[in-house]
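Listing of upload-v5.tsv; format and content: TSV, C-alpha atoms.
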```tsv
chain	number	residue	atom	x	y	z
A	83	MET	CA	-16.85	15.30	-43.64
A	84	ALA	CA	-13.36	13.93	-43.21
A	85	LYS	CA	-12.94	11.48	-40.35
A	86	ARG	CA	-10.95	12.96	-37.44
A	87	ARG	CA	-7.70	11.11	-36.82
A	88	THR	CA	-6.82	9.88	-33.37
A	89	PRO	CA	-3.18	10.63	-32.50
A	90	LYS	CA	-1.18	7.41	-32.41
A	91	GLN	CA	-0.04	6.44	-28.91
A	92	SER	CA	3.60	5.68	-28.27
A	93	GLY	CA	4.73	2.32	-26.92
A	94	GLU	CA	5.30	3.91	-23.54
A	95	ASP	CA	1.79	5.39	-23.52
A	96	LEU	CA	0.30	1.99	-24.32
A	97	LEU	CA	2.41	0.30	-21.67
A	98	ILE	CA	1.22	2.77	-19.03
A	99	ALA	CA	-2.41	2.51	-20.13
A	100	ASP	CA	-2.38	-1.30	-20.19
A	101	TYR	CA	-0.53	-2.07	-16.96
A	102	PHE	CA	-0.50	0.91	-14.62
A	103	LYS	CA	-3.58	3.03	-15.29
A	104	PRO	CA	-5.82	0.31	-13.73
A	105	ILE	CA	-4.00	0.62	-10.39
A	106	ALA	CA	-3.82	4.45	-10.33
A	107	ARG	CA	-7.20	5.02	-8.68
A	108	HIS	CA	-6.44	8.21	-6.78
A	109	PRO	CA	-8.08	11.29	-8.39
A	110	GLY	CA	-4.77	13.14	-8.11
A	111	ALA	CA	-3.23	10.64	-10.52
A	112	ARG	CA	-5.30	12.15	-13.37
A	113	ASP	CA	-5.51	8.67	-15.00
A	114	LEU	CA	-1.75	8.93	-15.63
A	115	VAL	CA	-2.30	11.12	-18.70
A	116	ASP	CA	-0.64	14.24	-17.26
A	117	ASP	CA	3.00	15.00	-16.48
A	118	ALA	CA	2.38	15.41	-12.77
A	119	ALA	CA	0.09	14.24	-9.98
A	120	TYR	CA	-1.66	16.17	-7.22
A	121	LEU	CA	-1.78	15.29	-3.53
A	122	THR	CA	-3.41	17.36	-0.81
A	123	PRO	CA	-2.76	16.27	2.80
A	124	PRO	CA	-5.67	16.36	5.25
A	125	LYS	CA	-6.11	19.60	7.17
A	126	GLY	CA	-3.63	19.88	10.02
A	127	HIS	CA	-1.38	17.18	8.56
A	128	GLU	CA	2.01	17.21	6.85
A	129	LEU	CA	3.59	14.97	4.25
A	130	VAL	CA	6.32	12.44	4.95
A	131	LEU	CA	8.42	11.71	1.85
A	132	LYS	CA	10.47	8.57	1.24
A	133	THR	CA	12.26	7.06	-1.74
A	134	ASP	CA	14.04	3.75	-2.16
A	135	ALA	CA	15.20	1.84	-5.22
A	136	ILE	CA	15.76	-1.86	-5.78
A	137	VAL	CA	18.04	-3.17	-8.50
A	138	GLY	CA	18.14	-6.59	-10.15
A	139	SER	CA	21.04	-8.78	-8.96
A	140	VAL	CA	21.54	-6.42	-6.00
A	141	HIS	CA	18.26	-6.38	-4.05
A	142	PHE	CA	16.55	-9.28	-5.78
A	143	PHE	CA	17.44	-12.14	-8.09
A	144	ILE	CA	16.64	-11.68	-11.78
A	145	GLU	CA	14.75	-14.97	-11.70
A	146	ASP	CA	12.51	-13.91	-8.81
A	147	PRO	CA	8.78	-13.85	-9.62
A	148	PRO	CA	7.91	-10.36	-10.90
A	149	ASP	CA	4.92	-10.00	-8.58
A	150	THR	CA	7.21	-10.47	-5.55
A	151	VAL	CA	9.70	-7.96	-6.99
A	152	ALA	CA	6.89	-5.40	-7.18
A	153	ARG	CA	5.74	-6.15	-3.64
A	154	LYS	CA	9.27	-5.72	-2.34
A	155	ALA	CA	9.75	-2.44	-4.21
A	156	LEU	CA	6.70	-0.88	-2.55
A	157	GLY	CA	7.09	-2.71	0.75
A	158	VAL	CA	10.55	-1.34	1.56
A	159	ASN	CA	9.17	2.20	1.22
A	160	LEU	CA	6.03	1.48	3.24
A	161	SER	CA	8.25	0.17	6.02
A	162	ASP	CA	9.96	3.55	6.36
A	163	LEU	CA	6.60	5.33	6.52
A	164	ALA	CA	5.54	2.97	9.32
A	165	SER	CA	8.61	3.81	11.39
A	166	LYS	CA	7.79	7.53	11.13
A	167	GLY	CA	4.24	6.92	12.32
A	168	ALA	CA	2.82	7.98	8.95
A	169	LYS	CA	-0.24	6.72	7.11
A	170	PRO	CA	0.44	5.83	3.44
A	171	ALA	CA	-1.02	8.34	0.96
A	172	GLY	CA	0.38	7.29	-2.42
A	173	PHE	CA	3.52	6.68	-4.44
A	174	LEU	CA	5.37	7.46	-7.66
A	175	LEU	CA	7.02	4.70	-9.68
A	176	THR	CA	10.06	4.86	-11.94
A	177	LEU	CA	10.54	1.60	-13.80
A	178	ALA	CA	13.68	0.97	-15.88
A	179	LEU	CA	13.23	-2.09	-18.10
A	180	PRO	CA	15.85	-3.94	-20.16
A	181	LYS	CA	15.14	-4.36	-23.86
A	182	ASP	CA	14.38	-8.06	-23.48
A	183	TYR	CA	11.56	-7.60	-20.96
A	184	SER	CA	8.39	-9.57	-21.66
A	185	HIS	CA	4.78	-8.47	-21.39
A	186	ASP	CA	4.11	-11.51	-19.21
A	187	TRP	CA	6.75	-10.23	-16.77
A	188	LEU	CA	5.24	-6.74	-16.80
A	189	LYS	CA	1.70	-8.06	-16.37
A	190	ALA	CA	2.70	-10.05	-13.28
A	191	PHE	CA	4.70	-7.10	-11.93
A	192	ALA	CA	1.68	-4.78	-12.25
A	193	ARG	CA	-0.55	-7.38	-10.63
A	194	GLY	CA	1.73	-7.66	-7.58
A	195	LEU	CA	2.15	-3.89	-7.35
A	196	GLY	CA	-1.60	-3.34	-7.48
A	197	ALA	CA	-2.25	-5.95	-4.80
A	198	MET	CA	0.31	-4.35	-2.47
A	199	ALA	CA	-1.06	-0.87	-3.15
A	200	ARG	CA	-4.61	-1.97	-2.31
A	201	ARG	CA	-3.59	-3.87	0.80
A	202	TYR	CA	-1.86	-0.85	2.31
A	203	ASP	CA	-4.17	1.78	0.80
A	204	CYS	CA	-1.26	3.44	-0.99
A	205	PRO	CA	-2.35	4.24	-4.57
A	206	LEU	CA	-0.11	4.78	-7.56
A	207	LEU	CA	-0.04	8.49	-8.44
A	208	GLY	CA	2.31	8.57	-11.42
A	209	GLY	CA	5.90	8.05	-12.48
A	210	ASP	CA	8.04	7.19	-15.46
A	211	THR	CA	9.02	4.18	-17.59
A	212	VAL	CA	12.36	3.99	-19.38
A	213	MET	CA	14.69	1.52	-21.07
A	214	THR	CA	18.02	0.51	-19.53
A	215	PRO	CA	21.00	-1.52	-20.80
A	216	GLY	CA	21.35	-2.89	-17.29
A	217	PRO	CA	19.12	-5.03	-15.09
A	218	VAL	CA	15.59	-4.13	-14.07
A	219	THR	CA	15.60	-1.16	-11.69
A	220	ILE	CA	12.58	0.01	-9.73
A	221	SER	CA	12.56	3.30	-7.83
A	222	ILE	CA	9.59	4.32	-5.72
A	223	ALA	CA	8.90	7.62	-3.98
A	224	ALA	CA	6.26	7.06	-1.31
A	225	PHE	CA	4.22	9.67	0.53
A	226	GLY	CA	2.60	9.46	3.93
A	227	THR	CA	0.66	11.84	6.15
A	228	LEU	CA	0.58	12.48	9.87
A	229	PRO	CA	-0.63	15.24	12.18
A	230	LYS	CA	1.80	18.16	12.12
A	231	GLY	CA	4.68	17.85	14.53
A	232	THR	CA	4.03	14.22	15.49
A	233	GLY	CA	6.59	12.44	13.29
A	234	VAL	CA	9.01	10.10	15.06
A	235	GLU	CA	12.67	10.45	14.11
A	236	ARG	CA	15.68	8.24	14.65
A	237	SER	CA	17.26	11.08	16.64
A	238	GLY	CA	14.61	10.98	19.37
A	239	ALA	CA	15.86	8.10	21.58
A	240	ARG	CA	16.42	9.00	25.24
A	241	VAL	CA	18.42	7.38	28.01
A	242	GLY	CA	16.22	4.89	29.87
A	243	ASP	CA	13.99	4.10	26.89
A	244	VAL	CA	13.12	0.47	26.26
A	245	ILE	CA	14.24	-0.83	22.84
A	246	VAL	CA	11.39	-2.60	21.07
A	247	VAL	CA	11.29	-4.41	17.73
A	248	THR	CA	8.34	-5.79	15.78
A	249	GLY	CA	8.01	-9.21	14.18
A	250	THR	CA	11.01	-11.53	14.04
A	251	ILE	CA	14.60	-10.76	13.13
A	252	GLY	CA	16.95	-12.50	10.72
A	253	ASP	CA	14.54	-14.47	8.55
A	254	ALA	CA	15.20	-12.58	5.32
A	255	ALA	CA	18.97	-12.72	5.78
A	256	LEU	CA	18.78	-16.47	6.38
A	257	GLY	CA	16.51	-16.82	3.35
A	258	LEU	CA	19.13	-15.07	1.25
A	259	LYS	CA	21.82	-17.29	2.73
A	260	LEU	CA	19.91	-20.36	1.58
A	261	ARG	CA	20.16	-19.09	-2.00
A	262	THR	CA	23.81	-18.08	-1.94
A	263	ASP	CA	25.40	-20.70	0.31
A	264	ILE	CA	24.54	-24.29	-0.60
A	265	GLY	CA	26.31	-25.46	2.54
A	266	ALA	CA	23.76	-23.68	4.71
A	267	ILE	CA	20.98	-25.91	3.42
A	268	HIS	CA	22.85	-28.98	4.67
A	269	ARG	CA	24.05	-27.40	7.92
A	270	TRP	CA	20.64	-26.24	9.07
A	271	HIS	CA	18.61	-29.38	8.27
A	272	LEU	CA	15.48	-27.36	7.52
A	273	ASP	CA	12.33	-29.07	6.34
A	274	ALA	CA	10.41	-27.75	3.34
A	275	ARG	CA	8.07	-25.61	5.46
A	276	LEU	CA	10.88	-23.85	7.31
A	277	LYS	CA	12.84	-23.23	4.11
A	278	ALA	CA	9.72	-21.81	2.47
A	279	HIS	CA	9.21	-19.43	5.41
A	280	LEU	CA	12.72	-18.03	5.14
A	281	ALA	CA	12.52	-17.77	1.37
A	282	LYS	CA	9.25	-15.84	1.55
A	283	ARG	CA	10.56	-13.39	4.13
A	284	TYR	CA	13.42	-12.51	1.77
A	285	LEU	CA	11.17	-12.23	-1.28
A	286	VAL	CA	8.38	-10.11	0.19
A	287	PRO	CA	8.72	-7.69	3.15
A	288	GLN	CA	5.87	-7.39	5.62
A	289	PRO	CA	5.83	-3.65	6.40
A	290	ARG	CA	4.37	-2.93	9.83
A	291	ASN	CA	2.14	0.00	8.94
A	292	ALA	CA	-0.48	-1.35	11.32
A	293	VAL	CA	1.64	-0.08	14.24
A	294	ALA	CA	2.34	3.37	12.77
A	295	GLU	CA	-0.10	5.07	15.13
A	296	ALA	CA	1.39	3.25	18.12
A	297	VAL	CA	4.86	4.45	17.10
A	298	ARG	CA	3.58	8.02	16.83
A	299	ARG	CA	1.75	7.90	20.18
A	300	TYR	CA	4.29	6.12	22.34
A	301	ALA	CA	7.83	6.09	20.87
A	302	HIS	CA	10.58	8.66	21.36
A	303	GLY	CA	12.66	7.40	18.43
A	304	ALA	CA	12.20	4.90	15.61
A	305	MET	CA	13.44	3.64	12.27
A	306	ASP	CA	12.90	0.54	10.19
A	307	VAL	CA	15.35	-2.35	10.18
A	308	SER	CA	16.58	-2.67	6.61
A	309	ASP	CA	20.37	-3.06	6.88
A	310	GLY	CA	20.49	-5.32	9.94
A	311	LEU	CA	19.37	-4.91	13.55
A	312	ALA	CA	22.88	-4.26	14.90
A	313	GLY	CA	23.78	-1.69	12.27
A	314	ASP	CA	20.45	0.12	12.25
A	315	LEU	CA	20.33	0.33	16.03
A	316	GLY	CA	23.82	1.82	15.81
A	317	LYS	CA	22.53	4.46	13.39
A	318	LEU	CA	19.61	5.28	15.68
A	319	VAL	CA	21.68	5.77	18.82
A	320	LEU	CA	24.35	7.72	16.94
A	321	ALA	CA	21.72	10.15	15.66
A	322	SER	CA	20.31	10.44	19.19
A	323	GLY	CA	23.64	10.88	20.94
A	324	VAL	CA	23.03	7.91	23.24
A	325	GLY	CA	23.97	4.23	23.50
A	326	ALA	CA	22.19	0.88	23.60
A	327	GLU	CA	22.47	-2.54	25.16
A	328	VAL	CA	20.63	-5.54	23.72
A	329	GLU	CA	20.47	-9.13	24.94
A	330	ALA	CA	20.64	-11.56	22.02
A	331	LYS	CA	18.44	-14.06	23.89
A	332	ARG	CA	15.58	-11.52	23.86
A	333	VAL	CA	15.69	-10.85	20.11
A	334	PRO	CA	12.54	-12.43	18.63
A	335	LEU	CA	13.24	-15.31	16.25
A	336	SER	CA	10.99	-17.43	14.09
A	337	ARG	CA	10.90	-21.19	14.45
A	338	ALA	CA	13.01	-21.48	11.30
A	339	ALA	CA	15.66	-19.08	12.62
A	340	ARG	CA	15.78	-20.85	16.00
A	341	HIS	CA	16.25	-24.17	14.23
A	342	ALA	CA	19.11	-22.84	12.13
A	343	LEU	CA	20.75	-21.24	15.16
A	344	ALA	CA	20.48	-24.42	17.24
A	345	VAL	CA	22.58	-26.40	14.77
A	346	ASP	CA	24.78	-23.53	13.56
A	347	PRO	CA	25.64	-20.97	16.29
A	348	GLY	CA	27.54	-18.97	13.67
A	349	ALA	CA	24.19	-18.04	12.10
A	350	LEU	CA	23.67	-15.54	14.94
A	351	GLU	CA	25.79	-12.92	13.19
A	352	THR	CA	23.75	-13.32	9.99
A	353	ILE	CA	20.55	-12.96	12.01
A	354	LEU	CA	21.63	-9.79	13.80
A	355	THR	CA	23.46	-8.04	10.96
A	356	GLY	CA	22.11	-9.45	7.69
A	357	GLY	CA	19.34	-6.98	6.93
A	358	ASP	CA	16.12	-7.02	4.90
A	359	ASP	CA	14.00	-7.51	8.04
A	360	PHE	CA	11.86	-4.41	7.38
A	361	GLU	CA	10.59	-4.43	10.95
A	362	VAL	CA	10.09	-1.36	13.12
A	363	LEU	CA	12.75	-0.57	15.71
A	364	ALA	CA	11.52	1.86	18.36
A	365	THR	CA	12.61	3.28	21.70
A	366	VAL	CA	9.75	3.66	24.15
A	367	PRO	CA	9.77	5.29	27.60
A	368	PRO	CA	9.12	2.67	30.31
A	369	LYS	CA	5.85	4.31	31.39
A	370	GLN	CA	4.54	4.06	27.81
A	371	LEU	CA	5.67	0.49	27.15
A	372	ALA	CA	2.42	-1.16	28.22
A	373	GLY	CA	0.46	1.18	25.97
A	374	PHE	CA	2.72	0.44	23.01
A	375	MET	CA	2.50	-3.31	23.53
A	376	ALA	CA	-1.28	-3.21	23.87
A	377	ALA	CA	-1.60	-1.18	20.68
A	378	ALA	CA	0.66	-3.65	18.84
A	379	ARG	CA	-1.49	-6.56	20.03
A	380	ARG	CA	-4.64	-4.83	18.82
A	381	ALA	CA	-2.92	-4.36	15.45
A	382	ARG	CA	-1.96	-8.06	15.49
A	383	VAL	CA	1.72	-7.25	15.25
A	384	ARG	CA	4.21	-9.00	17.47
A	385	ALA	CA	6.38	-6.61	19.49
A	386	THR	CA	9.27	-7.53	21.78
A	387	ALA	CA	11.39	-5.55	24.24
A	388	ILE	CA	15.02	-6.47	23.59
A	389	GLY	CA	17.12	-3.95	25.50
A	390	ARG	CA	17.51	-0.42	26.78
A	391	VAL	CA	18.95	2.93	25.78
A	392	THR	CA	22.05	3.86	27.78
A	393	ALA	CA	24.10	6.97	28.41
A	394	ALA	CA	27.32	5.33	27.18
A	395	GLN	CA	27.50	5.88	23.42
A	396	GLY	CA	27.71	2.93	21.07
A	397	THR	CA	25.82	-0.37	20.96
A	398	ARG	CA	26.49	-3.52	22.97
A	399	PHE	CA	24.99	-6.88	22.03
A	400	ILE	CA	25.26	-9.45	24.80
A	401	GLY	CA	25.48	-13.06	23.63
A	402	PHE	CA	23.79	-16.12	25.11
A	403	ASP	CA	26.88	-16.73	27.23
A	404	GLY	CA	26.78	-13.26	28.75
A	405	GLU	CA	29.79	-12.03	26.77
A	406	GLU	CA	29.69	-9.05	24.41
A	407	LEU	CA	29.36	-10.03	20.77
A	408	ARG	CA	31.82	-8.82	18.13
A	409	PHE	CA	30.69	-8.66	14.51
A	410	HIS	CA	32.81	-8.77	11.36
A	411	ARG	CA	30.40	-6.26	9.79
A	412	ALA	CA	27.53	-4.79	11.79
A	413	SER	CA	25.47	-3.55	8.86
A	414	PHE	CA	24.85	-4.04	5.17
A	415	SER	CA	26.23	-1.20	3.04
A	416	HIS	CA	26.36	-0.64	-0.71
A	417	PHE	CA	29.64	1.23	-0.42
```
Represent the structure from my file as structure tokens, please.
Amino acid sequence: MAKRRTPKQSGEDLLIADYFKPIARHPGARDLVDDAAYLTPPKGHELVLKTDAIVGSVHFFIEDPPDTVARKALGVNLSDLASKGAKPAGFLLTLALPKDYSHDWLKAFARGLGAMARRYDCPLLGGDTVMTPGPVTISIAAFGTLPKGTGVERSGARVGDVIVVTGTIGDAALGLKLRTDIGAIHRWHLDARLKAHLAKRYLVPQPRNAVAEAVRRYAHGAMDVSDGLAGDLGKLVLASGVGAEVEAKRVPLSRAARHALAVDPGALETILTGGDDFEVLATVPPKQLAGFMAAARRARVRATAIGRVTAAQGTRFIGFDGEELRFHRASFSHF
């Protein structure tokens, strides 16, 4: 009897089998051998859909470790799910690789992606791999679930709400500044530990999915802080038809950011407008504030009240001297 031939796999098939099949553990992924995946939300729930891309030399440096690039690619999407109050359910990956990519790079990328997926219980469901003449580009479409009708939108803020933000603000923007402005290193007099903290916050977001339920239970409006606190708060209040007032002295800062600000007051604009924080920005009614804060503590996520929602449209940031701050550019924008 003639031996049956096994169809030869393409390079793309082998790449998927070697690096991504091991991290696609959801049954709907069909071991990544089909052209589509299947995802059924729990009964009484609806899907929340989010997609974000990161591009080499735009959102990360080409020389960045590939495992951190992968963590950032998934993390920026998880952050948006958190701000909607959604629980991660899975994601699709589109990976565009230049012709000179190495298997060592891809192996480390898959390792970082798998670690992030396991940590946040957000499995790979499928996707696509292609070649590109340009830099590495990673696009992720993430899916979350929440009980029907409970999603929190940026248009939900109401006059009188307390403005709350998780974590600390400005670290990632300062970390980027350290890599693009050699003068900042000398101005800020940071020791190795403080520099490492800022660098890490830029490299790898810390999405606050642990507070997703608290956002859903207590917040009127929410979004994640990706393009800068000042700019994103402006987007939130514009969508809600309200205004906001924030005191800069109440904005939570890390030790590294406080140190930089103490020796370089001009760093305040970078902190408030620089972006890449990937924290949750929420507006919470005063009567629900204690509940939100308690839930954040149980989730081991720092949360800080920084201002209030006002009837007068627009945003006002009040500086340490009591005067209103004016920014050259309130938000990062690609265009």
- What lies within 8 Å of Ala394 of chain A using all atoms listed in the file, ignoring chain neighbours under 5 positions off, as number ranges by chain? A: 324-326
Pull the closest atom pair for each residue of segment 278-338 of chain A that gets at most 10 Å from segment 221-240 of chain A, along with the distance in Å to one decimal, counting only C-alpha atoms, ordering rows by chain and then ascending residue number, as a tab-separated table.
```
residue	atom	partner	partner_atom	distance
A:Ala294	CA	A:Leu228	CA	9.7
A:Glu295	CA	A:Leu228	CA	9.1
A:Val297	CA	A:Val234	CA	7.3
A:Arg298	CA	A:Val234	CA	6.1
A:Arg299	CA	A:Thr232	CA	8.2
A:Tyr300	CA	A:Val234	CA	9.5
A:Ala301	CA	A:Val234	CA	7.2
A:His302	CA	A:Gly238	CA	5.1
A:Gly303	CA	A:Gly238	CA	4.2
A:Ala304	CA	A:Arg236	CA	4.9
A:Met305	CA	A:Arg236	CA	5.6
A:Asp306	CA	A:Arg236	CA	9.3
A:Asp314	CA	A:Arg236	CA	9.7
A:Leu315	CA	A:Arg236	CA	9.3
A:Lys317	CA	A:Arg236	CA	7.9
A:Leu318	CA	A:Arg236	CA	5.0
A:Val319	CA	A:Ala239	CA	6.8
A:Leu320	CA	A:Ser237	CA	7.9
A:Ala321	CA	A:Ser237	CA	4.7
A:Ser322	CA	A:Ser237	CA	4.0
A:Gly323	CA	A:Ser237	CA	7.7
A:Val324	CA	A:Arg240	CA	7.0
A:Gly325	CA	A:Arg240	CA	9.1
A:Ala326	CA	A:Ala239	CA	9.8
```
Counting all atoms listed in the file, which residues of segment 147-256 of chain A sit at most 12 Å from some atom of segment 345-361 of chain A, and what is each one's closest atom pair with its distance in Å to one decimal, listed by chain and rising residue number, as a Markdown table?
```
| residue | atom | partner | partner_atom | distance |
| --- | --- | --- | --- | --- |
| A:Lys154 | CA | A:Asp358 | CA | 10.1 |
| A:Ala155 | CA | A:Phe360 | CA | 11.9 |
| A:Leu156 | CA | A:Phe360 | CA | 11.7 |
| A:Gly157 | CA | A:Phe360 | CA | 8.3 |
| A:Val158 | CA | A:Phe360 | CA | 6.7 |
| A:Asn159 | CA | A:Phe360 | CA | 9.4 |
| A:Leu160 | CA | A:Phe360 | CA | 9.3 |
| A:Ser161 | CA | A:Phe360 | CA | 6.0 |
| A:Asp162 | CA | A:Phe360 | CA | 8.2 |
| A:Leu163 | CA | A:Phe360 | CA | 11.1 |
| A:Ala164 | CA | A:Glu361 | CA | 9.1 |
| A:Ser165 | CA | A:Glu361 | CA | 8.5 |
| A:Val246 | CA | A:Glu361 | CA | 10.3 |
| A:Val247 | CA | A:Glu361 | CA | 6.8 |
| A:Thr248 | CA | A:Glu361 | CA | 5.5 |
| A:Gly249 | CA | A:Glu361 | CA | 6.3 |
| A:Thr250 | CA | A:Glu361 | CA | 7.8 |
| A:Ile251 | CA | A:Asp359 | CA | 6.1 |
| A:Gly252 | CA | A:Ile353 | CA | 3.9 |
| A:Asp253 | CA | A:Asp359 | CA | 7.0 |
| A:Ala254 | CA | A:Asp358 | CA | 5.7 |
| A:Ala255 | CA | A:Gly356 | CA | 4.9 |
| A:Leu256 | CA | A:Ile353 | CA | 6.9 |
```
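Between atom CA of His341 of chain A and atom CA of Leu272 of chain A there is a distance of 7.5 Å.
Neighbouring residues of Thr122 of chain A at 12 Å or closer, counting only C-alpha atoms and skipping chain neighbours under 6 positions away, are His108, Pro109, Gly110, Ala111, Glu128, Leu129, Ala171, Gly172, Phe225, Gly226 and Thr227 of chain A.
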Can I get the selection written as a short mmCIF file (atom, residue, chain, number, x, y, z; two decimals), keeping the file's coordinate frame, with C-alpha atoms?
```cif
data_model
loop_
_atom_site.label_atom_id
_atom_site.label_comp_id
_atom_site.auth_asym_id
_atom_site.auth_seq_id
_atom_site.Cartn_x
_atom_site.Cartn_y
_atom_site.Cartn_z
CA HIS A 108 -6.44 8.21 -6.78
CA PRO A 109 -8.08 11.29 -8.39
CA GLY A 110 -4.77 13.14 -8.11
CA ALA A 111 -3.23 10.64 -10.52
CA GLU A 128 2.01 17.21 6.85
CA LEU A 129 3.59 14.97 4.25
CA ALA A 171 -1.02 8.34 0.96
CA GLY A 172 0.38 7.29 -2.42
CA PHE A 225 4.22 9.67 0.53
CA GLY A 226 2.60 9.46 3.93
CA THR A 227 0.66 11.84 6.15
#
```
- Item | Arg261 of chain A surroundings by only C-alpha atoms, 12 Å radius, close-in-sequence under 6 positions cut, as a PyMOL selection string | chain A and resi 142-143+145-146+254-255+267+277-278+280-282+284-285
- For atom CA of His410 of chain A and atom CA of Gly389 of chain A, quote the distance in Å rounded to one decimal. 21.7 Å
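Picture a line from atom CA of Ala106 of chain A to atom CA of Pro148 of chain A; it runs 18.9 Å.
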- Message: Excluding Gly93 of chain A and its own-chain neighbours fewer than 6 positions away, which residues fall within 12 Å of it when counting all atoms listed in the file? Please give them as a VMD selection string.
- Response: chain A and resid 99 to 100 211 to 213
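Residues of protein, DNA and RNA with at least one atom no farther than 6 Å from (3.5, -1.6, -4.2) are, using all atoms listed in the file, Ala152, Arg153, Leu156, Leu195, Met198 and Ala199 of chain A.
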Neighbours of Ala197 of chain A within 10 Å (only C-alpha atoms; same-chain residues fewer than 4 positions away dropped), as a compact mmCIF listing (two decimals) with C-alpha atoms, in the coordinates of the input?
```txt
# COMPACT_ATOMS: atom_id res chain seq x y z
CA ILE A 105 -4.00 0.62 -10.39
CA ASP A 149 4.92 -10.00 -8.58
CA ALA A 152 6.89 -5.40 -7.18
CA ARG A 153 5.74 -6.15 -3.64
CA ALA A 192 1.68 -4.78 -12.25
CA ARG A 193 -0.55 -7.38 -10.63
CA ARG A 201 -3.59 -3.87 0.80
CA TYR A 202 -1.86 -0.85 2.31
CA ASP A 203 -4.17 1.78 0.80
```
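Using only C-alpha atoms, the smallest distance between any of A:Ile400, A:Ala342, A:Ala190, A:Ala296 and Lys259 of chain A comes from A:Ala342.
Using all atoms listed in the file, the shortest contact distance between Leu276 of chain A and any of A:Pro170, A:Gly257, A:Pro124, A:Gly396 is found at A:Gly257.
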- Query: Can you tell me, as a ChimeraX atom specification, which residues sit within 7 Å of (13.6, -8.7, 21.2) in the file's frame, using all atoms listed in the file?
  - Reply: /A:246-247,332-334,386-388
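Nearest to Arg290 of chain A of all the residues A:Arg200, A:Arg411, A:Lys166, A:Arg107 is A:Lys166, based on only C-alpha atoms.
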